[in-house]
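A.B. asks: You'll find target-v8.tsv just under this line, and it carries TSV, C-alpha atoms.
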chain	number	residue	atom	x	y	z
A	87	MET	CA	-116.38	-0.18	17.39
A	88	LYS	CA	-114.15	2.70	16.50
A	89	ASP	CA	-113.88	3.77	12.94
A	90	PHE	CA	-110.27	3.60	11.88
A	91	SER	CA	-110.85	4.81	8.35
A	92	SER	CA	-108.15	7.14	7.18
A	93	GLN	CA	-110.39	10.18	7.15
A	94	ASN	CA	-111.29	9.69	10.76
A	95	MET	CA	-107.71	8.97	11.67
A	96	PHE	CA	-106.49	12.25	10.25
A	97	SER	CA	-109.31	14.25	11.77
A	98	ASN	CA	-108.44	12.70	15.11
A	99	GLN	CA	-104.86	13.73	14.65
A	100	ARG	CA	-105.90	17.30	14.06
A	101	GLN	CA	-108.00	17.48	17.18
A	102	ASN	CA	-105.43	15.73	19.25
A	103	PRO	CA	-101.91	16.09	17.98
A	104	ALA	CA	-101.06	13.54	20.65
A	105	LYS	CA	-99.37	11.45	18.11
A	106	ILE	CA	-100.91	8.12	17.47
A	107	LEU	CA	-100.34	6.53	14.10
A	108	ILE	CA	-102.29	3.44	13.15
A	109	VAL	CA	-100.53	1.08	10.79
A	110	CYS	CA	-103.61	-0.17	9.01
A	111	LYS	CA	-107.19	-0.91	9.84
A	112	PRO	CA	-107.06	-3.56	12.54
A	113	LYS	CA	-109.63	-6.29	12.83
A	114	GLN	CA	-110.41	-5.25	16.33
A	115	MET	CA	-108.61	-2.96	18.69
A	116	SER	CA	-109.89	-2.65	22.23
A	117	ALA	CA	-108.47	-0.14	24.65
A	118	PRO	CA	-104.96	-0.99	25.86
A	119	ILE	CA	-104.58	-1.80	29.54
A	120	ASP	CA	-103.87	1.37	31.51
A	121	TYR	CA	-101.10	0.02	33.73
A	122	ILE	CA	-100.77	3.29	35.64
A	123	GLU	CA	-104.45	3.23	36.58
A	124	ARG	CA	-104.42	-0.49	37.41
A	125	THR	CA	-101.26	-0.29	39.48
A	126	THR	CA	-102.66	2.66	41.41
A	127	ALA	CA	-105.92	0.78	42.14
A	128	LEU	CA	-104.01	-2.37	43.07
A	129	TYR	CA	-101.66	-0.52	45.43
A	130	ASP	CA	-104.66	1.18	47.05
A	131	SER	CA	-106.38	-2.16	47.59
A	132	LEU	CA	-103.24	-3.61	49.18
A	133	GLY	CA	-102.64	-0.56	51.34
A	134	TYR	CA	-99.34	0.32	49.63
A	135	PRO	CA	-98.34	3.95	49.20
A	136	GLY	CA	-98.83	5.34	45.71
A	137	TYR	CA	-96.05	5.03	43.15
A	138	ARG	CA	-94.73	8.19	41.53
A	139	TRP	CA	-94.72	7.48	37.81
A	140	THR	CA	-92.18	9.22	35.65
A	141	LYS	CA	-93.84	12.00	33.76
A	142	THR	CA	-91.71	13.87	31.27
A	143	GLU	CA	-93.08	17.31	30.54
A	144	ASP	CA	-90.31	18.42	28.21
A	145	PRO	CA	-90.53	17.33	24.59
A	146	PRO	CA	-88.29	14.32	23.96
A	147	PRO	CA	-84.87	14.81	22.36
A	148	TRP	CA	-85.02	14.26	18.64
A	149	SER	CA	-82.57	13.20	15.95
A	150	VAL	CA	-83.61	12.98	12.35
A	151	VAL	CA	-83.08	9.50	10.89
A	152	LYS	CA	-80.58	10.05	8.11
A	153	LYS	CA	-80.05	6.58	6.72
A	154	PRO	CA	-82.41	3.81	5.70
A	155	LEU	CA	-82.67	0.92	8.13
A	156	SER	CA	-81.04	-1.33	5.54
A	157	SER	CA	-77.77	0.57	5.86
A	158	SER	CA	-78.00	1.44	9.56
A	159	LYS	CA	-76.10	0.02	12.52
A	160	VAL	CA	-78.71	-0.85	15.12
A	161	GLY	CA	-78.27	-1.34	18.86
A	162	LEU	CA	-80.53	-3.22	21.26
A	163	ILE	CA	-81.20	-2.45	24.94
A	164	ALA	CA	-83.69	-4.47	26.98
A	165	SER	CA	-84.87	-4.23	30.58
A	166	GLY	CA	-86.30	-7.72	31.02
A	167	GLY	CA	-83.54	-9.01	33.31
A	168	ILE	CA	-81.76	-10.93	30.56
A	169	TYR	CA	-78.30	-12.32	31.29
A	170	VAL	CA	-75.95	-14.75	29.62
A	171	GLU	CA	-74.93	-18.08	31.11
A	172	LYS	CA	-71.83	-17.53	33.31
A	173	GLN	CA	-72.69	-13.88	33.95
A	174	VAL	CA	-73.78	-12.73	37.40
A	175	ALA	CA	-77.59	-12.67	37.44
A	176	PHE	CA	-79.47	-9.50	38.36
A	177	HIS	CA	-80.90	-9.03	41.80
A	178	TRP	CA	-84.41	-7.68	42.16
A	179	LYS	CA	-83.97	-4.69	44.40
A	180	ASP	CA	-83.00	-1.64	42.36
A	181	ASP	CA	-80.11	-3.32	40.52
A	182	LEU	CA	-78.38	-0.54	38.60
A	183	SER	CA	-75.88	-2.77	36.79
A	184	PHE	CA	-76.03	-3.84	33.17
A	185	ARG	CA	-74.75	-6.75	31.10
A	186	ILE	CA	-72.94	-6.71	27.76
A	187	VAL	CA	-74.37	-9.33	25.44
A	188	ASP	CA	-72.45	-10.15	22.27
A	189	LYS	CA	-74.63	-9.90	19.18
A	190	ASN	CA	-73.90	-13.53	18.24
A	191	THR	CA	-74.99	-15.01	21.58
A	192	PRO	CA	-77.25	-17.99	20.88
A	193	ASN	CA	-80.65	-18.16	22.56
A	194	SER	CA	-79.55	-21.32	24.34
A	195	ARG	CA	-77.18	-19.22	26.49
A	196	LEU	CA	-79.68	-16.48	27.35
A	197	ARG	CA	-81.52	-16.44	30.68
A	198	THR	CA	-84.22	-14.21	32.15
A	199	THR	CA	-84.88	-13.12	35.73
A	200	HIS	CA	-87.47	-10.61	36.96
A	201	PHE	CA	-89.92	-10.16	39.84
A	202	ALA	CA	-92.73	-8.47	37.96
A	203	TYR	CA	-93.57	-10.35	34.78
A	204	ASP	CA	-94.36	-13.97	34.00
A	205	LEU	CA	-91.06	-15.52	32.91
A	206	ALA	CA	-92.54	-18.73	31.50
A	207	ASP	CA	-92.46	-17.67	27.85
A	208	SER	CA	-89.22	-15.68	27.96
A	209	ARG	CA	-87.50	-18.79	29.31
A	210	ILE	CA	-88.87	-20.87	26.46
A	211	ASP	CA	-87.93	-18.26	23.88
A	212	PRO	CA	-85.91	-15.19	24.98
A	213	ASN	CA	-86.83	-13.46	21.71
A	214	VAL	CA	-90.13	-12.39	23.28
A	215	VAL	CA	-88.34	-9.88	25.52
A	216	PHE	CA	-84.93	-9.70	23.85
A	217	PRO	CA	-85.24	-10.01	20.07
A	218	LEU	CA	-81.52	-10.45	19.35
A	219	GLU	CA	-82.00	-13.57	17.21
A	220	THR	CA	-84.90	-11.90	15.39
A	221	MET	CA	-82.68	-8.92	14.63
A	222	ARG	CA	-79.88	-11.19	13.38
A	223	GLU	CA	-82.40	-12.70	10.99
A	224	LEU	CA	-83.45	-9.23	9.82
A	225	VAL	CA	-79.78	-8.48	9.11
A	226	SER	CA	-79.47	-11.64	7.03
A	227	GLN	CA	-82.62	-10.63	5.16
A	228	GLY	CA	-81.08	-7.24	4.44
A	229	TYR	CA	-83.81	-5.38	6.33
A	230	ILE	CA	-81.31	-4.06	8.92
A	231	GLY	CA	-77.80	-3.01	7.83
A	232	GLU	CA	-75.90	-4.44	10.79
A	233	LEU	CA	-76.19	-5.03	14.50
A	234	SER	CA	-73.99	-3.31	17.00
A	235	GLN	CA	-71.40	-5.77	18.39
A	236	SER	CA	-72.88	-5.47	21.89
A	237	ALA	CA	-76.45	-5.44	23.09
A	238	TYR	CA	-77.13	-4.24	26.65
A	239	THR	CA	-79.50	-5.62	29.23
A	240	PHE	CA	-80.56	-4.54	32.67
A	241	MET	CA	-83.10	-5.27	35.33
A	242	GLY	CA	-86.28	-3.19	35.17
A	243	GLY	CA	-88.44	-2.47	38.17
A	244	ILE	CA	-85.90	0.01	39.56
A	245	TYR	CA	-88.02	2.15	41.85
A	246	SER	CA	-85.74	5.19	41.75
A	247	ALA	CA	-86.29	6.97	38.45
A	248	LYS	CA	-83.60	9.41	39.56
A	249	SER	CA	-80.95	6.66	39.74
A	250	VAL	CA	-81.91	5.48	36.27
A	251	GLN	CA	-81.83	9.00	34.85
A	252	GLU	CA	-78.58	9.98	36.53
A	253	THR	CA	-76.59	6.73	36.55
A	254	LEU	CA	-77.81	3.86	34.39
A	255	ALA	CA	-79.28	5.67	31.38
A	256	PRO	CA	-76.24	7.94	30.82
A	257	ALA	CA	-73.90	4.92	31.09
A	258	LEU	CA	-75.92	3.08	28.44
A	259	ALA	CA	-76.09	6.18	26.25
A	260	ASP	CA	-72.28	6.50	26.47
A	261	ARG	CA	-71.93	2.89	25.36
A	262	CYS	CA	-74.18	3.48	22.38
A	263	GLU	CA	-72.16	6.51	21.43
A	264	GLU	CA	-68.89	4.54	21.68
A	265	ASP	CA	-70.45	1.80	19.58
A	266	ALA	CA	-71.33	4.42	16.95
A	267	VAL	CA	-74.83	3.08	16.41
A	268	ASP	CA	-77.25	4.88	14.09
A	269	LEU	CA	-80.39	3.67	15.87
A	270	VAL	CA	-81.24	1.92	19.12
A	271	LEU	CA	-84.22	-0.30	19.82
A	272	LEU	CA	-85.30	-0.26	23.47
A	273	VAL	CA	-87.40	-3.15	24.73
A	274	PRO	CA	-88.79	-2.42	28.19
A	275	VAL	CA	-90.93	-5.00	29.96
B	137	MET	CA	-87.25	3.94	19.79
B	138	SER	CA	-89.12	2.14	22.54
B	139	LEU	CA	-91.05	-1.03	21.73
B	140	THR	CA	-93.70	-1.17	24.42
B	141	SER	CA	-96.75	-3.05	25.64
B	142	ALA	CA	-97.60	-0.47	28.31
B	143	LEU	CA	-99.00	2.48	26.40
B	144	SER	CA	-99.91	4.66	29.38
B	145	ILE	CA	-96.44	4.35	30.93
B	146	THR	CA	-94.66	5.01	27.64
B	147	ARG	CA	-96.79	8.09	26.98
B	148	SER	CA	-95.96	9.35	30.45
B	149	VAL	CA	-92.22	8.78	30.00
B	150	ASN	CA	-92.45	10.16	26.44
B	151	PRO	CA	-89.52	8.69	24.51
B	152	PRO	CA	-88.63	10.20	21.11
B	153	ARG	CA	-90.29	7.34	19.21
B	154	GLY	CA	-92.46	4.44	20.26
B	155	ALA	CA	-94.12	1.35	18.83
B	156	PHE	CA	-96.99	-0.14	20.80
B	157	VAL	CA	-97.84	-3.87	20.78
B	158	ASP	CA	-101.03	-4.78	22.62
B	159	TYR	CA	-99.66	-7.97	24.21
B	160	PRO	CA	-99.36	-9.11	27.83
B	161	LEU	CA	-96.18	-7.85	29.51
B	162	GLY	CA	-93.27	-10.18	28.88
B	163	HIS	CA	-94.10	-10.64	25.16
B	164	THR	CA	-93.43	-7.24	23.66
B	165	ALA	CA	-91.26	-8.66	20.89
B	166	GLY	CA	-93.61	-11.47	19.87
B	167	LYS	CA	-95.14	-14.81	20.70
B	168	PRO	CA	-92.82	-17.61	21.89
B	169	ASP	CA	-91.43	-19.90	19.19
B	170	GLU	CA	-93.37	-18.11	16.44
B	171	LYS	CA	-90.44	-16.99	14.37
B	172	GLU	CA	-92.35	-15.61	11.40
B	173	GLN	CA	-94.69	-13.68	13.66
B	174	GLN	CA	-91.73	-12.23	15.58
B	175	LEU	CA	-90.03	-11.17	12.35
B	176	HIS	CA	-93.19	-9.52	11.06
B	177	LEU	CA	-93.81	-7.72	14.35
B	178	LEU	CA	-90.26	-6.42	14.57
B	179	LYS	CA	-90.19	-5.29	10.94
B	180	THR	CA	-93.35	-3.27	11.50
B	181	ALA	CA	-92.02	-1.85	14.76
B	182	LEU	CA	-88.69	-0.87	13.19
B	183	SER	CA	-90.53	0.90	10.38
B	184	ALA	CA	-91.36	3.51	13.05
B	185	PHE	CA	-87.86	4.90	12.52
B	186	SER	CA	-88.76	6.07	9.04
B	187	ARG	CA	-92.50	6.61	9.52
B	188	LEU	CA	-92.59	8.75	12.65
B	189	SER	CA	-91.59	12.35	12.08
B	190	LYS	CA	-92.97	14.04	15.19
B	191	PRO	CA	-91.12	13.75	18.53
B	192	GLY	CA	-93.07	11.62	20.99
B	193	SER	CA	-95.08	9.77	18.35
B	194	ILE	CA	-96.14	6.18	18.89
B	195	LEU	CA	-96.80	3.71	16.08
B	196	MET	CA	-99.74	1.47	16.96
B	197	LEU	CA	-99.12	-2.06	15.72
B	198	PRO	CA	-102.24	-3.94	14.59
B	199	GLU	CA	-101.25	-7.26	16.23
B	200	THR	CA	-103.71	-8.81	18.66
B	201	TRP	CA	-102.67	-11.37	21.26
B	202	ASP	CA	-105.68	-13.63	21.10
B	203	SER	CA	-108.99	-13.99	19.30
B	204	ASP	CA	-110.56	-11.95	22.08
B	205	ASP	CA	-109.32	-9.60	24.77
B	206	SER	CA	-110.27	-11.63	27.82
B	207	TRP	CA	-106.60	-11.76	28.88
B	208	LYS	CA	-106.84	-8.05	29.72
B	209	GLU	CA	-109.51	-8.49	32.34
B	210	GLU	CA	-107.50	-10.00	35.17
B	211	VAL	CA	-104.16	-8.24	34.74
B	212	MET	CA	-103.22	-6.42	37.95
B	213	ARG	CA	-106.75	-6.35	39.26
B	214	PRO	CA	-107.36	-6.01	42.99
B	215	SER	CA	-108.69	-9.24	44.45
B	216	LYS	CA	-112.47	-9.21	44.39
B	217	LYS	CA	-112.77	-11.11	47.65
B	218	ASN	CA	-111.28	-9.97	50.91
B	219	ASP	CA	-108.92	-12.88	50.82
B	220	SER	CA	-105.28	-11.92	51.18
B	221	SER	CA	-104.14	-15.35	50.01
B	222	LYS	CA	-105.70	-14.55	46.65
B	223	SER	CA	-104.04	-11.21	46.28
B	224	ALA	CA	-103.84	-10.07	42.70
B	225	ASP	CA	-100.30	-8.88	43.30
B	226	ASN	CA	-98.42	-11.65	41.53
B	227	ARG	CA	-95.07	-9.99	41.74
B	228	LEU	CA	-92.37	-11.79	43.65
B	229	GLU	CA	-90.40	-10.54	46.62
B	230	ARG	CA	-87.65	-8.17	45.55
B	231	PHE	CA	-84.63	-10.16	46.70
B	232	ASP	CA	-81.35	-8.27	46.84
B	233	THR	CA	-79.17	-11.21	45.84
B	234	PRO	CA	-78.67	-12.45	42.26
B	235	GLN	CA	-81.69	-14.43	41.12
B	236	TYR	CA	-80.52	-17.15	38.74
B	237	GLN	CA	-82.78	-18.93	36.31
B	238	CYS	CA	-81.40	-22.23	37.55
B	239	ASP	CA	-78.93	-23.54	40.13
B	240	LEU	CA	-76.38	-24.54	37.54
B	241	ASP	CA	-76.17	-20.92	36.37
B	242	LYS	CA	-75.29	-19.88	39.90
B	243	GLU	CA	-72.44	-22.40	40.08
B	244	LEU	CA	-71.12	-21.41	36.66
B	245	ALA	CA	-71.30	-17.70	37.46
B	246	GLU	CA	-69.59	-18.13	40.80
B	247	SER	CA	-66.66	-20.13	39.44
B	248	SER	CA	-66.37	-17.81	36.46
B	249	PHE	CA	-66.47	-14.73	38.71
B	250	GLU	CA	-63.55	-16.07	40.75
B	251	VAL	CA	-61.46	-16.31	37.60
B	252	ASP	CA	-62.14	-12.99	35.89
B	253	GLY	CA	-64.78	-11.05	37.89
B	254	CYS	CA	-67.29	-11.07	35.02
B	255	PRO	CA	-65.85	-8.65	32.43
B	256	THR	CA	-69.22	-8.36	30.68
B	257	CYS	CA	-71.00	-7.25	33.86
B	258	VAL	CA	-70.92	-3.49	34.42
B	259	PHE	CA	-71.59	-2.39	37.99
B	260	LEU	CA	-72.35	1.27	38.50
B	261	GLY	CA	-72.18	3.71	41.36
B	262	ASP	CA	-72.28	2.44	44.90
B	263	ASP	CA	-74.51	-0.52	44.18
B	264	THR	CA	-72.39	-3.13	45.90
B	265	LYS	CA	-75.21	-5.66	46.16
B	266	SER	CA	-75.02	-6.41	42.45
B	267	GLN	CA	-71.29	-7.10	42.60
B	268	SER	CA	-71.62	-10.29	44.51
B	269	THR	CA	-72.50	-13.61	42.94
B	270	LYS	CA	-74.06	-14.81	46.19
Rewrite the structure from the file as structure tokens, please.
C.D. replies:
Amino acid sequence: MKDFSSQNMFSNQRQNPAKILIVCKPKQMSAPIDYIERTTALYDSLGYPGYRWTKTEDPPPWSVVKKPLSSSKVGLIASGGIYVEKQVAFHWKDDLSFRIVDKNTPNSRLRTTHFAYDLADSRIDPNVVFPLETMRELVSQGYIGELSQSAYTFMGGIYSAKSVQETLAPALADRCEEDAVDLVLLVPV
Amino acid sequence: MSLTSALSITRSVNPPRGAFVDYPLGHTAGKPDEKEQQLHLLKTALSAFSRLSKPGSILMLPETWDSDDSWKEEVMRPSKKNDSSKSADNRLERFDTPQYQCDLDKELAESSFEVDGCPTCVFLGDDTKSQSTK
């Protein structure tokens, strides 16, 4: 078993500044599933052509967090195919649309649709992929300052990274800017 | 900040901040109907905003899904036998029409769309497929 003592953790960070921070010593932490490796092997076995994973070489954009969470306005964006009763549901073939979900929408009106993950639990409790209710509770506990009026949802599994980068992501970023959020939590599936 | 259960993909995409939860896909924000657990998980994840100071850092949450890691063994594994009916590809066909959770949703969405065209649906670019309720 790996030694997660703090000394080892920091020495690891020096050798590999690749940025992993461990919250505290876990009981047991086995290697995470490497979905890129597994998908590649699975596609090979099924005779599908390889998938070109997005690999960002440039360092990510960075904004310093200026306010504590308890006085911040927080947005939520999720890709798990969540929609609200009466909205048009997502289709499963590179749907580039998004839905506006009011922050006070009750779980009973939330639905999930997706081709690539098991929907059983998200349909019992949408919080598992779209933690809007959980965030409302954190606001009432004073842990988060406030929620942005609108959360945004879309359908993941869009095979064109270019369309996401050039169309969907900028549209969502514009929304967040209009909403004047301090922070945004993204929940991909 | 991206809350993720797919560490390799998130590292490849490289968002400014990340928080990794080692759960099966479809449960990144917690276990169903376990409110306290969900609150605890999200609090820890959100602490990444103040704890991470280096672009591209990922906070590793200590949560474990089960008492052991056997759930990881079968995820997206090629079928061991040469039996196409037991393909490990559990994903569904990528239909290009709206896929409602239930039939009633479809009826409600269609009648609602006729009235106001779904003002909370935002259709982008030339993706006309998503603009139909049918």
A.B. asks: Taking 2 positions as the minimum chain separation for residues in the same chain, which residues sit within 7 Å of segment 173-186 of chain B when counting only C-alpha atoms? Answer as a VMD selection string.
C.D. replies: (chain A and resid 151 220) or (chain B and resid 155 165 to 167 170 to 171 188 195)
A.B. asks: Could you check how far atom CA of Phe201 of chain A sits from atom CA of Arg227 of chain B, in Å to one decimal?
C.D. replies: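 Interatomic distance, atom CA of Phe201 of chain A to atom CA of Arg227 of chain B: 5.5 Å.
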A.B. asks: Report, in Å with one decimal, the straight-line distance from atom CA of Phe240 of chain A to atom CA of Thr253 of chain A.
C.D. replies: 12.6 Å
A.B. asks: Give me, as a list in words, all polymer residues having an atom no more than 8 Å from Trp201 of chain B, counting only C-alpha atoms and skipping those fewer than 5 positions away in the same chain.
C.D. replies: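 Using only C-alpha atoms, the neighbours found are Asp158, Tyr159 and Pro160 of chain B.
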A.B. asks: Those selected residues, please, written with C-alpha atoms and delivered as a tab-separated table (two decimals), in the frame of the given file.
C.D. replies:
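Writing the result to selection.tsv gives the following:
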chain	number	residue	atom	x	y	z
B	158	ASP	CA	-101.03	-4.78	22.62
B	159	TYR	CA	-99.66	-7.97	24.21
B	160	PRO	CA	-99.36	-9.11	27.83
A.B. asks: May I ask for the distance between atom CA of Arg222 of chain A and atom CA of Gln235 of chain B, given in Å to one decimal place?
C.D. replies: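 Atom CA of Gln235 of chain B lies 28.0 Å from atom CA of Arg222 of chain A.
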A.B. asks: Considering only C-alpha atoms, state which residue in the set B:Phe231, B:Thr146, B:Gly154, B:Ser203 is at the smallest distance from chain A.
C.D. replies: B:Phe231
A.B. asks: Go through A:Ser249, A:Gly242, A:Ala266, A:Gly231 one by one, measure the shortest atom-to-atom distance of each to Ser157 of chain A using only C-alpha atoms, and give the residue with the smallest value.
C.D. replies: A:Gly231
A.B. asks: Using all atoms listed in the file, find the one residue out of A:Ile163, A:Val174, A:Ala206, A:Ala259 that sits nearest to chain B.
C.D. replies: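 The shortest atom-to-atom distance to chain B comes from A:Val174.
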A.B. asks: Within 8 Å of Ser183 of chain A, counting all atoms listed in the file, which residues show up once you throw out same-chain ones fewer than 3 positions away? Write them as number ranges by chain, please.
C.D. replies: A: 176, 240-241, 254; B: 257-260, 263, 266
A.B. asks: What's the 12 Å shell around Leu233 of chain A, counting all atoms listed in the file, without same-chain residues fewer than 5 positions away, as a ChimeraX atom specification?
C.D. replies: /A:155-163,187-190,217-226,228,262,265-271
A.B. asks: List the spatial neighbours of Glu209 of chain B as a PyMOL selection string - criterion: any atom at most 12 Å away, only C-alpha atoms, same-chain residues fewer than 2 positions off excluded.
C.D. replies: (chain A and resi 116-120+124) or (chain B and resi 160+204-207+211-214+224)
A.B. asks: With distances taken over only C-alpha atoms, which residue among A:Thr199, A:Asn193, A:Thr125, A:Ser165 lies nearest Asp241 of chain B?
C.D. replies: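 Once distances to Asp241 of chain B are computed over only C-alpha atoms, the minimum belongs to A:Thr199.
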A.B. asks: Hey, which of A:Thr239, A:Lys141, A:Trp148, A:Ile230 ends up closest to Gln173 of chain A? Count only C-alpha atoms.
C.D. replies: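 When distances to Gln173 of chain A are compared using only C-alpha atoms, the smallest one comes from A:Thr239.
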